[in-house]
file coords-v2.txt (compact mmCIF, C-alpha atoms (C1' of nucleotides))
# COMPACT_ATOMS: atom_id res chain seq x y z
CA MET C 5 0.00 0.00 0.00
CA PRO C 6 1.55 3.35 -1.03
CA PRO C 7 2.03 5.68 1.95
CA ALA C 8 -0.58 8.43 2.17
CA ASP C 9 1.83 10.87 3.73
CA LEU C 10 4.07 10.85 0.64
CA LEU C 11 1.13 11.97 -1.46
CA LEU C 12 0.11 14.64 1.04
CA VAL C 13 3.62 16.07 1.22
CA TRP C 14 3.65 16.30 -2.56
CA TYR C 15 0.18 17.89 -2.52
CA ASP C 16 1.21 20.53 0.01
CA ARG C 17 3.98 21.60 -2.36
CA HIS C 18 2.19 21.32 -5.71
CA ARG C 19 -1.51 21.80 -5.16
CA ARG C 20 -3.22 23.71 -7.94
CA THR C 21 -5.13 26.90 -7.38
CA LEU C 22 -8.70 26.46 -8.56
CA PRO C 23 -11.79 28.55 -7.80
CA TRP C 24 -13.28 25.78 -5.65
CA ARG C 25 -10.00 24.72 -4.04
CA GLY C 26 -9.95 25.30 -0.28
CA GLU C 27 -13.71 25.71 -0.28
CA ALA C 28 -15.68 23.84 2.40
CA ASP C 29 -19.15 25.32 1.81
CA PRO C 30 -21.20 22.27 0.83
CA TYR C 31 -23.13 24.24 -1.79
CA ARG C 32 -19.96 25.33 -3.55
CA VAL C 33 -18.30 21.94 -3.24
CA TRP C 34 -21.42 20.24 -4.57
CA LEU C 35 -21.74 22.68 -7.47
CA SER C 36 -18.09 22.24 -8.45
CA GLU C 37 -18.33 18.46 -8.31
CA VAL C 38 -21.46 18.36 -10.46
CA MET C 39 -19.98 20.74 -13.02
CA LEU C 40 -16.80 18.68 -13.13
CA GLN C 41 -18.62 15.45 -13.92
CA GLN C 42 -17.13 14.40 -17.28
CA THR C 43 -16.14 18.02 -17.88
CA THR C 44 -12.68 19.54 -17.93
CA VAL C 45 -11.38 22.03 -15.37
CA ALA C 46 -10.78 24.53 -18.17
CA ALA C 47 -14.41 24.34 -19.29
CA VAL C 48 -15.80 24.51 -15.75
CA THR C 49 -13.73 27.33 -14.27
CA PRO C 50 -15.43 30.36 -15.89
CA ARG C 51 -18.86 28.74 -15.72
CA TYR C 52 -18.50 28.00 -12.01
CA VAL C 53 -17.65 31.61 -11.24
CA ARG C 54 -20.52 32.93 -13.35
CA PHE C 55 -22.98 30.44 -11.85
CA LEU C 56 -22.14 31.48 -8.31
CA ALA C 57 -22.55 35.14 -9.17
CA ARG C 58 -26.07 34.38 -10.38
CA PHE C 59 -27.03 31.75 -7.79
CA PRO C 60 -24.89 32.56 -4.73
CA ASP C 61 -26.43 29.97 -2.40
CA VAL C 62 -28.67 26.94 -2.43
CA ALA C 63 -31.72 29.05 -1.53
CA ALA C 64 -31.19 31.27 -4.56
CA LEU C 65 -30.86 28.24 -6.80
CA ALA C 66 -33.95 26.59 -5.34
CA ALA C 67 -35.98 29.75 -5.86
CA ALA C 68 -34.92 30.24 -9.48
CA PRO C 69 -37.17 29.19 -12.37
CA TRP C 70 -35.93 26.35 -14.59
CA GLU C 71 -35.55 28.73 -17.52
CA ALA C 72 -32.91 30.72 -15.64
CA LEU C 73 -30.94 27.59 -14.82
CA ALA C 74 -31.20 26.31 -18.39
CA GLU C 75 -29.83 29.60 -19.63
CA GLU C 76 -26.95 29.43 -17.17
CA TRP C 77 -26.12 25.81 -18.06
CA ALA C 78 -26.41 26.18 -21.85
CA GLY C 79 -23.29 24.91 -23.58
CA LEU C 80 -22.02 22.92 -20.60
CA GLY C 81 -23.59 19.64 -21.74
CA TYR C 82 -25.17 16.74 -19.86
CA TYR C 83 -28.23 18.79 -19.10
CA ALA C 84 -29.69 16.22 -16.74
CA ARG C 85 -27.09 17.56 -14.34
CA ALA C 86 -28.83 20.93 -14.34
CA ARG C 87 -32.26 19.38 -13.88
CA ASN C 88 -31.03 17.25 -11.00
CA LEU C 89 -29.18 20.20 -9.50
CA HIS C 90 -32.42 22.15 -9.42
CA ALA C 91 -34.40 19.31 -7.87
CA ALA C 92 -31.68 18.66 -5.31
CA ALA C 93 -31.49 22.34 -4.35
CA ARG C 94 -35.20 22.36 -3.64
CA ALA C 95 -34.90 19.16 -1.60
CA VAL C 96 -32.04 20.63 0.42
CA VAL C 97 -33.97 23.82 1.17
CA ALA C 98 -37.05 21.82 2.12
CA ALA C 99 -34.93 19.70 4.47
CA GLY C 100 -33.34 22.77 6.04
CA GLY C 101 -29.80 22.04 4.86
CA PHE C 102 -27.44 19.60 3.21
CA PRO C 103 -27.08 16.02 4.45
CA CYS C 104 -23.65 15.85 6.08
CA SER C 105 -22.78 12.24 5.25
CA ALA C 106 -21.98 10.49 1.99
CA ALA C 107 -24.93 8.17 2.52
CA GLY C 108 -27.32 11.08 2.97
CA LEU C 109 -25.90 13.04 0.06
CA ALA C 110 -26.26 10.03 -2.24
CA GLU C 111 -30.02 10.20 -1.83
CA LEU C 112 -30.17 13.54 -3.62
CA PRO C 113 -30.85 13.49 -7.37
CA GLY C 114 -27.73 13.73 -9.49
CA ILE C 115 -25.45 12.65 -6.64
CA GLY C 116 -23.99 9.19 -7.10
CA ALA C 117 -21.32 7.30 -5.23
CA TYR C 118 -18.51 9.50 -6.48
CA THR C 119 -20.07 12.92 -5.86
CA ALA C 120 -21.45 11.87 -2.49
CA ALA C 121 -18.00 10.79 -1.36
CA ALA C 122 -16.33 13.89 -2.79
CA VAL C 123 -18.70 16.32 -1.05
CA ALA C 124 -18.59 14.32 2.18
CA ALA C 125 -14.79 14.30 2.22
CA ILE C 126 -14.23 17.89 1.05
CA ALA C 127 -17.07 19.72 2.80
CA PHE C 128 -17.55 17.54 5.88
CA GLY C 129 -14.21 15.79 6.40
CA GLU C 130 -15.71 12.32 6.20
CA PRO C 131 -12.92 9.75 5.78
CA VAL C 132 -13.98 8.38 2.40
CA VAL C 133 -12.16 8.15 -0.94
CA PRO C 134 -14.13 9.48 -3.92
CA VAL C 135 -13.39 7.25 -6.90
CA ASP C 136 -13.50 9.08 -10.21
CA GLY C 137 -11.62 8.46 -13.42
CA ASN C 138 -8.43 9.91 -11.97
CA VAL C 139 -8.52 7.67 -8.92
CA GLU C 140 -9.34 4.64 -11.04
CA ARG C 141 -6.34 5.33 -13.25
CA VAL C 142 -3.98 5.95 -10.33
CA THR C 143 -5.21 2.85 -8.52
CA ALA C 144 -5.08 0.63 -11.59
CA ARG C 145 -1.46 1.60 -12.11
CA LEU C 146 -0.42 1.36 -8.45
CA PHE C 147 -1.70 -2.20 -8.25
CA ALA C 148 -1.12 -3.11 -11.91
CA GLU C 149 -4.75 -4.09 -12.23
CA ALA C 150 -5.06 -5.55 -15.73
CA ALA C 151 -8.83 -6.13 -15.87
CA PRO C 152 -10.49 -3.64 -18.25
CA LEU C 153 -12.91 -0.87 -17.30
CA PRO C 154 -15.77 -0.63 -16.69
CA GLY C 155 -15.80 -4.18 -15.34
CA ALA C 156 -12.88 -3.44 -13.03
CA LYS C 157 -14.66 -0.53 -11.31
CA PRO C 158 -15.74 -2.41 -8.17
CA ARG C 159 -12.28 -3.92 -7.77
CA LEU C 160 -10.57 -0.53 -8.17
CA ALA C 161 -13.01 1.12 -5.78
CA ALA C 162 -12.28 -1.51 -3.15
CA LEU C 163 -8.54 -0.98 -3.57
CA ALA C 164 -8.90 2.81 -3.40
CA ALA C 165 -11.04 2.61 -0.27
CA ARG C 166 -8.12 1.02 1.53
CA PHE C 167 -6.12 4.24 1.26
CA MET C 168 -8.29 5.48 4.13
CA GLU C 169 -6.97 2.76 6.42
CA GLN C 170 -3.90 4.95 6.88
CA PRO C 171 -3.96 7.50 9.72
CA ALA C 172 -2.30 10.14 7.52
CA ALA C 173 -5.21 9.94 5.08
CA ARG C 174 -7.86 9.79 7.80
CA ALA C 175 -6.39 12.96 9.30
CA ARG C 176 -6.98 14.93 6.08
CA PRO C 177 -9.76 13.35 3.99
CA SER C 178 -10.42 16.54 2.01
CA ASP C 179 -6.80 17.11 1.09
CA PHE C 180 -6.24 13.44 0.39
CA ALA C 181 -9.11 13.33 -2.09
CA GLN C 182 -7.96 16.45 -3.86
CA ALA C 183 -4.37 15.22 -3.84
CA LEU C 184 -5.51 12.13 -5.73
CA PHE C 185 -7.31 14.35 -8.25
CA ASP C 186 -4.23 16.51 -8.74
CA LEU C 187 -1.95 13.51 -9.05
CA GLY C 188 -4.16 12.05 -11.77
CA ALA C 189 -4.57 15.38 -13.53
CA THR C 190 -0.97 16.52 -13.54
CA LEU C 191 1.37 13.49 -13.21
CA CYS C 192 -0.50 10.19 -13.49
CA THR C 193 -2.09 11.32 -16.77
CA PRO C 194 -3.74 8.98 -19.30
CA ARG C 195 -0.89 9.41 -21.78
CA ARG C 196 2.79 9.83 -20.98
CA PRO C 197 2.55 9.83 -17.17
CA ALA C 198 5.38 11.74 -15.47
CA CYS C 199 6.50 8.90 -13.25
CA ALA C 200 9.87 10.56 -12.57
CA LEU C 201 8.03 13.29 -10.65
CA CYS C 202 5.51 11.04 -8.91
CA PRO C 203 5.66 10.75 -5.11
CA TRP C 204 4.36 7.19 -5.40
CA SER C 205 6.57 5.92 -8.24
CA GLY C 206 8.57 3.78 -5.85
CA HIS C 207 5.33 2.08 -4.77
CA CYS C 208 3.78 1.64 -8.22
CA ALA C 209 3.50 -1.87 -9.62
CA ALA C 210 2.82 -0.63 -13.14
CA ALA C 211 5.87 1.64 -13.13
CA ALA C 212 7.99 -1.24 -11.86
CA GLN C 213 6.86 -3.32 -14.84
CA GLY C 214 6.95 -0.42 -17.30
CA ILE C 215 3.30 -0.95 -18.23
CA GLN C 216 1.88 2.32 -16.85
CA GLU C 217 0.95 3.73 -20.26
CA SER C 218 -1.26 0.75 -21.05
CA LEU C 219 -3.30 1.03 -17.84
CA PRO C 220 -6.10 1.20 -17.09
CA ALA C 221 -7.24 -1.24 -19.76
CA LYS C 222 -10.58 -0.35 -21.36
CA ALA C 223 -13.24 -2.36 -23.13
CA ALA C 224 -13.57 -1.78 -26.86
CA LYS C 225 -15.96 0.99 -27.85
CA LYS C 226 -18.84 0.85 -30.28
CA LEU C 227 -18.84 3.05 -33.32
CA ARG C 228 -21.03 6.13 -33.55
CA PRO C 229 -23.85 6.11 -36.13
CA VAL C 230 -24.74 9.22 -38.14
CA ARG C 231 -28.17 10.83 -37.83
CA TYR C 232 -29.74 13.58 -39.91
CA GLY C 233 -32.09 16.49 -39.29
CA VAL C 234 -33.51 19.52 -41.09
CA HIS C 235 -34.33 22.61 -39.03
CA PHE C 236 -36.34 25.72 -39.78
CA LEU C 237 -35.16 29.11 -38.59
CA LEU C 238 -37.91 31.72 -38.69
CA ARG C 239 -36.75 35.27 -37.96
CA ASP C 240 -38.13 38.77 -38.05
CA THR C 241 -36.63 42.10 -38.99
CA ALA C 242 -36.01 42.95 -35.33
CA GLY C 243 -33.62 40.00 -35.03
CA HIS C 244 -35.92 37.70 -33.08
CA MET C 245 -36.12 34.00 -33.80
CA LEU C 246 -38.71 31.30 -33.22
CA LEU C 247 -37.50 28.51 -30.94
CA ARG C 248 -39.11 25.76 -28.95
CA ARG C 249 -38.27 24.04 -25.69
CA ARG C 250 -37.43 20.34 -25.89
CA PRO C 251 -39.25 17.82 -23.68
CA PRO C 252 -37.99 17.84 -20.09
CA GLU C 253 -36.27 14.45 -20.28
CA GLY C 254 -33.85 12.83 -22.70
CA LEU C 255 -31.39 14.36 -25.12
CA LEU C 256 -30.96 18.11 -24.54
CA GLY C 257 -33.96 17.81 -22.21
CA GLY C 258 -35.53 21.13 -21.25
CA MET C 259 -33.25 23.12 -23.53
CA LEU C 260 -34.11 25.42 -26.44
CA GLU C 261 -33.88 24.25 -30.06
CA VAL C 262 -34.61 25.39 -33.57
CA PRO C 263 -37.82 23.65 -34.72
CA GLY C 264 -37.32 20.85 -37.22
CA THR C 265 -37.58 17.20 -38.14
CA PRO C 266 -36.76 14.35 -35.82
CA TRP C 267 -33.18 13.06 -36.09
CA ARG C 268 -33.10 9.79 -38.02
CA ASP C 269 -30.64 7.41 -39.62
CA ALA C 270 -31.35 8.47 -43.22
CA ALA C 271 -30.94 11.92 -44.78
CA TRP C 272 -34.13 13.90 -45.41
CA THR C 273 -35.38 15.10 -48.76
CA LEU C 274 -36.79 18.60 -48.77
CA ALA C 275 -40.27 17.25 -49.47
CA GLU C 276 -40.05 14.92 -46.48
CA ALA C 277 -38.84 17.65 -44.18
CA MET C 278 -41.25 20.42 -45.17
CA PRO C 279 -44.23 19.18 -43.11
CA PHE C 280 -42.10 19.85 -40.02
CA ALA C 281 -41.75 23.55 -40.82
CA PRO C 282 -43.47 25.75 -38.22
CA ALA C 283 -45.28 27.75 -40.94
CA ALA C 284 -46.03 27.65 -44.65
CA LEU C 285 -43.54 30.17 -45.98
CA PRO C 286 -41.07 30.48 -48.85
CA TRP C 287 -38.24 28.64 -47.09
CA ARG C 288 -34.78 28.80 -48.59
CA ALA C 289 -31.86 26.58 -47.75
CA ALA C 290 -28.83 27.94 -45.95
CA SER C 291 -25.60 26.69 -47.43
CA GLY C 292 -23.56 24.07 -45.65
CA GLU C 293 -24.28 21.55 -42.95
CA ALA C 294 -23.77 21.66 -39.19
CA ARG C 295 -22.14 18.63 -37.60
CA HIS C 296 -22.18 17.85 -33.94
CA GLY C 297 -20.88 14.80 -32.14
CA PHE C 298 -22.96 13.53 -29.25
CA THR C 299 -21.77 10.71 -27.04
CA HIS C 300 -23.55 8.01 -28.99
CA PHE C 301 -24.21 9.44 -32.45
CA GLU C 302 -23.06 12.12 -34.85
CA LEU C 303 -25.67 14.63 -35.95
CA ARG C 304 -25.71 16.36 -39.34
CA MET C 305 -28.18 19.19 -39.67
CA ARG C 306 -29.26 21.36 -42.56
CA LEU C 307 -30.93 24.70 -42.02
CA MET C 308 -33.89 26.31 -43.81
CA LEU C 309 -34.53 30.04 -43.48
CA ALA C 310 -37.53 32.35 -43.69
CA GLU C 311 -38.42 35.84 -42.49
CA VAL C 312 -41.60 37.54 -41.38
CA PRO C 313 -42.03 41.22 -40.47
CA ARG C 314 -42.72 40.54 -36.83
CA LEU C 315 -42.72 37.30 -34.82
CA SER C 316 -45.42 36.81 -32.23
CA ASP C 317 -45.93 34.15 -29.60
CA ARG C 318 -47.77 31.04 -30.51
CA ALA C 319 -48.56 27.74 -28.92
CA GLY C 320 -45.58 25.42 -28.59
CA PHE C 321 -43.00 28.02 -29.55
CA GLU C 322 -41.07 30.84 -27.94
CA VAL C 323 -39.72 34.05 -29.43
CA HIS C 324 -36.11 34.72 -28.45
CA VAL C 325 -33.51 37.32 -29.31
CA ALA C 326 -30.54 36.44 -31.48
CA GLY C 327 -27.82 35.20 -29.19
CA ALA C 328 -30.20 33.36 -26.87
CA ALA C 329 -28.52 30.70 -24.72
CA VAL C 330 -28.80 27.38 -26.58
CA PRO C 331 -26.95 24.06 -26.53
CA THR C 332 -23.82 23.89 -28.66
CA ALA C 333 -25.47 21.67 -31.26
CA MET C 334 -27.98 24.47 -31.85
CA ARG C 335 -25.33 27.16 -31.74
CA ARG C 336 -23.53 25.41 -34.60
CA LEU C 337 -26.74 25.08 -36.53
CA LEU C 338 -27.53 28.78 -36.09
CA ALA C 339 -24.04 29.63 -37.32
CA LEU C 340 -25.15 28.45 -40.78
CA ALA C 341 -27.56 31.38 -40.99
CA PRO C 342 -26.38 34.63 -42.51
CA ALA C 343 -26.67 37.72 -40.34
CA CYS C 344 -30.28 38.44 -39.47
CA PRO C 345 -32.33 40.65 -41.83
CA ALA C 346 -32.11 43.75 -39.68
CA MET C 347 -28.35 43.38 -39.47
CA ARG C 348 -28.14 42.95 -43.25
CA GLU C 349 -30.03 46.19 -43.81
CA ALA C 350 -27.92 47.97 -41.23
CA GLY C 351 -24.74 46.63 -42.74
C1' DT A 28 -24.86 -4.72 -17.10
C1' DA A 29 -24.99 -1.57 -20.75
C1' DC A 30 -26.62 2.21 -22.60
C1' DG A 31 -28.19 7.22 -22.99
C1' DC A 32 -26.49 11.46 -22.01
C1' DG A 33 -22.68 17.00 -24.38
C1' DT A 34 -18.90 19.36 -25.12
C1' DG A 35 -14.19 21.08 -26.09
C1' DG A 36 -9.31 20.23 -26.31
C1' DC A 37 -5.47 17.62 -27.59
C1' DG A 38 -2.02 14.53 -30.02
C1' DT S 19 -9.16 14.87 -39.38
C1' DC S 20 -10.36 11.99 -35.77
C1' DG S 21 -10.40 9.19 -31.78
C1' DC S 22 -9.71 9.75 -27.10
C1' DC S 23 -10.55 11.76 -23.01
C1' DA S 24 -12.48 14.80 -18.65
C1' DA S 25 -13.71 15.36 -10.68
C1' DG S 26 -20.37 10.31 -13.54
C1' DC S 27 -25.38 9.54 -13.02
C1' DG S 28 -29.80 7.33 -13.95
C1' DT S 29 -32.23 3.68 -15.77

call {"tool": "encode", "arguments": {"input": "coords-v2.txt", "output": "structure tokens"}}
result
Amino acid sequence: MPPADLLLVWYDRHRRTLPWRGEADPYRVWLSEVMLQQTTVAAVTPRYVRFLARFPDVAALAAAPWEALAEEWAGLGYYARARNLHAAARAVVAAGGFPCSAAGLAELPGIGAYTAAAVAAIAFGEPVVPVDGNVERVTARLFAEAAPLPGAKPRLAALAARFMEQPAARARPSDFAQALFDLGATLCTPRRPACALCPWSGHCAAAAQGIQESLPAKAAKKLRPVRYGVHFLLRDTAGHMLLRRRPPEGLLGGMLEVPGTPWRDAAWTLAEAMPFAPAALPWRAASGEARHGFTHFELRMRLMLAEVPRLSDRAGFEVHVAGAAVPTAMRRLLALAPACPAMREAG
DNA sequence: TACGCGTGGCG
DNA sequence: TCGCCAAGCGT
């Protein structure tokens, strides 16, 4: 078992400065952990700061309408996180505060085993080891665990949990967790790990065998199918556009989109797509195609354009200004449109 | 267990 | 250009 104190000494010298680092407020720790789920530090940092300025505490978040949260989360991806964040904030306010144990935290929506352990360790000092991708990689290498992910997850979690058997780790659960994150992020990286700088290199079975770059092993991935859609952008001379809100669950759930066809495996002919237009108008095709890669398929969208003098509200649609907060897939689609009519006249 | 669920950066 | 990857969760 690698000594916890070696890692903590390294951490005390090399810890990164991050907006949420050193924070023990459970709201802020929770928010940072949710934002960081499958999302890079670089992407999260500005969004975390902006989010806190808008929703400074759990009461503010709980009181906010969904539309405000959707706007704030637009572009960050995995929108179920935002929906669960909202529901959890309301549960926390109703309960009078955050649960202060990993077990209690794990009952909140959007908080799984990892996030529960991370918040419990960082905000409440509970002696638990949060096991994320970093910790899995570090652990797989330390013990030269050859079994591929995701099957090896339980085994790696059990190995990682044993770090907490050491008094040095139990004395500083928050720092120990974040030290593991930093080790995985800066030295024990997926490619070309910097073993020469690693405080645990002398205790690493993979380094001893020279197999660190091939661990952790991963199961083969499936290929991503292509899907197609045609969308209809209706604008007015004031620069407004007609959007609609997607159903509350599923892909891009609760987020704004440009109206259009469903996304299917075969490309659409214009005649097939036209019944999905929000109005009978002289639609013209924008040039080009927007591509966007989702986790499990690649989307190729074409854009049709039409203008009316003035957009008004109607059932099932919403009028928004140009520049409205939309998911990235929609932002790329909208980029196919030339400048709005009013801008054209002005320019 | 395996899949659905976003996005941006990097080699 | 493209596959891989990032502080996962819910079903």

call {"tool": "interface_residues", "arguments": {"input": "coords-v2.txt", "of": "chain S", "to": "chain C", "cutoff": "7 Å", "atoms": "only C-alpha atoms (C1' of nucleotides)", "output": "list of chain:residue names"}}
result
S:DA24, S:DA25, S:DG26, S:DC27

call {"tool": "atom_distance", "arguments": {"input": "coords-v2.txt", "atom1": "CA of Arg51 (chain C)", "atom2": "CA of Pro103 (chain C)"}}
result
25.2 Å

call {"tool": "closest_residue", "arguments": {"input": "coords-v2.txt", "among": "C:Ala212, C:Leu73, C:Val97, C:Ala106", "to": "Ala200 (chain C)", "atoms": "only C-alpha atoms"}}
result
C:Ala212

call {"tool": "atom_distance", "arguments": {"input": "coords-v2.txt", "atom1": "CA of Ala328 (chain C)", "atom2": "CA of His244 (chain C)"}}
result
9.5 Å

call {"tool": "atom_distance", "arguments": {"input": "coords-v2.txt", "atom1": "CA of Leu80 (chain C)", "atom2": "CA of Val62 (chain C)"}}
result
19.8 Å

call {"tool": "closest_atom_pairs", "arguments": {"input": "coords-v2.txt", "of": "chain A", "to": "chain C", "cutoff": "6 Å", "atoms": "only C-alpha atoms (C1' of nucleotides)", "output": "CSV"}}
result
residue,atom,partner,partner_atom,distance
A:DC32,C1',C:Tyr82,CA,5.9
A:DG33,C1',C:Gly81,CA,3.8
A:DT34,C1',C:Gly81,CA,5.8

call {"tool": "axis_aligned_box", "arguments": {"input": "coords-v2.txt", "around": "chain A", "padding_each_side": "5 Å", "output": "AutoDock Vina command-line options"}}
result
--center_x -15.1 --center_y 8.2 --center_z -23.6 --size_x 36.2 --size_y 35.8 --size_z 22.9

call {"tool": "residues_near_point", "arguments": {"input": "coords-v2.txt", "point": "(-34.0, 0.5, -17.4)", "cutoff": "12 Å", "atoms": "all atoms listed in the file", "output": "PyMOL selection string"}}
result
(chain A and resi 28-31) or (chain S and resi 28-29)

call {"tool": "closest_residue", "arguments": {"input": "coords-v2.txt", "among": "C:Thr21, C:Arg268, C:Leu227, C:Trp70", "to": "DG21 (chain S)", "atoms": "only C-alpha atoms (C1' of nucleotides)"}}
result
C:Leu227

call {"tool": "residues_around", "arguments": {"input": "coords-v2.txt", "residues": "Trp24 (chain C)", "least_positions_apart": "6", "cutoff": "10 Å", "atoms": "only C-alpha atoms (C1' of nucleotides)", "output": "ChimeraX atom specification"}}
result
/C:32-37,49,52-53

call {"tool": "decode", "arguments": {"input": "coords-v2.txt", "residues": "chain S", "atoms": "N, CA, C and O atoms (P, O5', C5', C4', C3', O3' and C1' of nucleotides)", "output": "mmCIF file, in the first residue's frame"}}
result
data_model
loop_
_atom_site.group_PDB
_atom_site.id
_atom_site.type_symbol
_atom_site.label_atom_id
_atom_site.label_comp_id
_atom_site.auth_asym_id
_atom_site.auth_seq_id
_atom_site.Cartn_x
_atom_site.Cartn_y
_atom_site.Cartn_z
ATOM 1 P P DT S 19 -10.694 18.980 -41.808
ATOM 2 O "O5'" DT S 19 -10.459 17.508 -41.291
ATOM 3 C "C5'" DT S 19 -10.005 16.585 -42.272
ATOM 4 C "C4'" DT S 19 -9.866 15.251 -41.592
ATOM 5 C "C3'" DT S 19 -11.078 14.852 -40.743
ATOM 6 O "O3'" DT S 19 -11.304 13.466 -40.941
ATOM 7 C "C1'" DT S 19 -9.156 14.872 -39.384
ATOM 8 P P DC S 20 -12.670 12.829 -40.355
ATOM 9 O "O5'" DC S 20 -12.159 12.067 -39.058
ATOM 10 C "C5'" DC S 20 -10.945 11.311 -39.131
ATOM 11 C "C4'" DC S 20 -10.588 10.795 -37.759
ATOM 12 C "C3'" DC S 20 -11.798 10.505 -36.871
ATOM 13 O "O3'" DC S 20 -11.571 9.300 -36.169
ATOM 14 C "C1'" DC S 20 -10.363 11.988 -35.771
ATOM 15 P P DG S 21 -12.786 8.358 -35.780
ATOM 16 O "O5'" DG S 21 -12.213 7.574 -34.521
ATOM 17 C "C5'" DG S 21 -10.878 7.099 -34.559
ATOM 18 C "C4'" DG S 21 -10.228 7.350 -33.216
ATOM 19 C "C3'" DG S 21 -11.102 6.929 -32.035
ATOM 20 O "O3'" DG S 21 -10.323 6.139 -31.160
ATOM 21 C "C1'" DG S 21 -10.404 9.191 -31.782
ATOM 22 P P DC S 22 -10.974 5.555 -29.834
ATOM 23 O "O5'" DC S 22 -10.319 6.480 -28.724
ATOM 24 C "C5'" DC S 22 -8.932 6.829 -28.833
ATOM 25 C "C4'" DC S 22 -8.602 7.804 -27.740
ATOM 26 C "C3'" DC S 22 -9.311 7.507 -26.429
ATOM 27 O "O3'" DC S 22 -8.360 7.488 -25.383
ATOM 28 C "C1'" DC S 22 -9.709 9.750 -27.101
ATOM 29 P P DC S 23 -8.739 6.846 -23.981
ATOM 30 O "O5'" DC S 23 -9.005 8.141 -23.119
ATOM 31 C "C5'" DC S 23 -8.056 9.209 -23.165
ATOM 32 C "C4'" DC S 23 -8.701 10.460 -22.666
ATOM 33 C "C3'" DC S 23 -9.568 10.260 -21.425
ATOM 34 O "O3'" DC S 23 -8.880 10.807 -20.314
ATOM 35 C "C1'" DC S 23 -10.553 11.762 -23.007
ATOM 36 P P DA S 24 -9.412 10.548 -18.824
ATOM 37 O "O5'" DA S 24 -10.107 11.937 -18.459
ATOM 38 C "C5'" DA S 24 -9.441 13.152 -18.776
ATOM 39 C "C4'" DA S 24 -10.249 14.276 -18.156
ATOM 40 C "C3'" DA S 24 -11.064 13.830 -16.940
ATOM 41 O "O3'" DA S 24 -10.568 14.490 -15.776
ATOM 42 C "C1'" DA S 24 -12.484 14.798 -18.650
ATOM 43 P P DA S 25 -10.005 13.363 -14.727
ATOM 44 O "O5'" DA S 25 -11.213 13.190 -13.731
ATOM 45 C "C5'" DA S 25 -11.322 14.101 -12.652
ATOM 46 C "C4'" DA S 25 -12.652 13.792 -11.992
ATOM 47 C "C3'" DA S 25 -13.857 14.306 -12.770
ATOM 48 O "O3'" DA S 25 -14.959 13.450 -12.533
ATOM 49 C "C1'" DA S 25 -13.709 15.362 -10.682
ATOM 50 P P DG S 26 -15.373 12.360 -13.656
ATOM 51 O "O5'" DG S 26 -16.916 12.200 -13.301
ATOM 52 C "C5'" DG S 26 -17.348 11.154 -12.417
ATOM 53 C "C4'" DG S 26 -18.816 11.395 -12.186
ATOM 54 C "C3'" DG S 26 -19.511 10.353 -11.351
ATOM 55 O "O3'" DG S 26 -20.507 11.012 -10.581
ATOM 56 C "C1'" DG S 26 -20.369 10.307 -13.543
ATOM 57 P P DC S 27 -21.514 10.150 -9.655
ATOM 58 O "O5'" DC S 27 -22.854 10.180 -10.512
ATOM 59 C "C5'" DC S 27 -23.404 11.435 -10.895
ATOM 60 C "C4'" DC S 27 -24.770 11.220 -11.510
ATOM 61 C "C3'" DC S 27 -25.646 10.214 -10.761
ATOM 62 O "O3'" DC S 27 -26.955 10.734 -10.667
ATOM 63 C "C1'" DC S 27 -25.375 9.542 -13.019
ATOM 64 P P DG S 28 -28.100 9.916 -9.896
ATOM 65 O "O5'" DG S 28 -28.958 9.325 -11.101
ATOM 66 C "C5'" DG S 28 -29.433 10.206 -12.093
ATOM 67 C "C4'" DG S 28 -30.289 9.454 -13.096
ATOM 68 C "C3'" DG S 28 -31.261 8.457 -12.471
ATOM 69 O "O3'" DG S 28 -32.457 8.517 -13.221
ATOM 70 C "C1'" DG S 28 -29.802 7.326 -13.946
ATOM 71 P P DT S 29 -33.761 7.707 -12.790
ATOM 72 O "O5'" DT S 29 -33.777 6.494 -13.833
ATOM 73 C "C5'" DT S 29 -33.782 6.792 -15.216
ATOM 74 C "C4'" DT S 29 -33.618 5.507 -15.987
ATOM 75 C "C3'" DT S 29 -34.467 4.347 -15.460
ATOM 76 O "O3'" DT S 29 -35.138 3.743 -16.560
ATOM 77 C "C1'" DT S 29 -32.230 3.678 -15.768
#
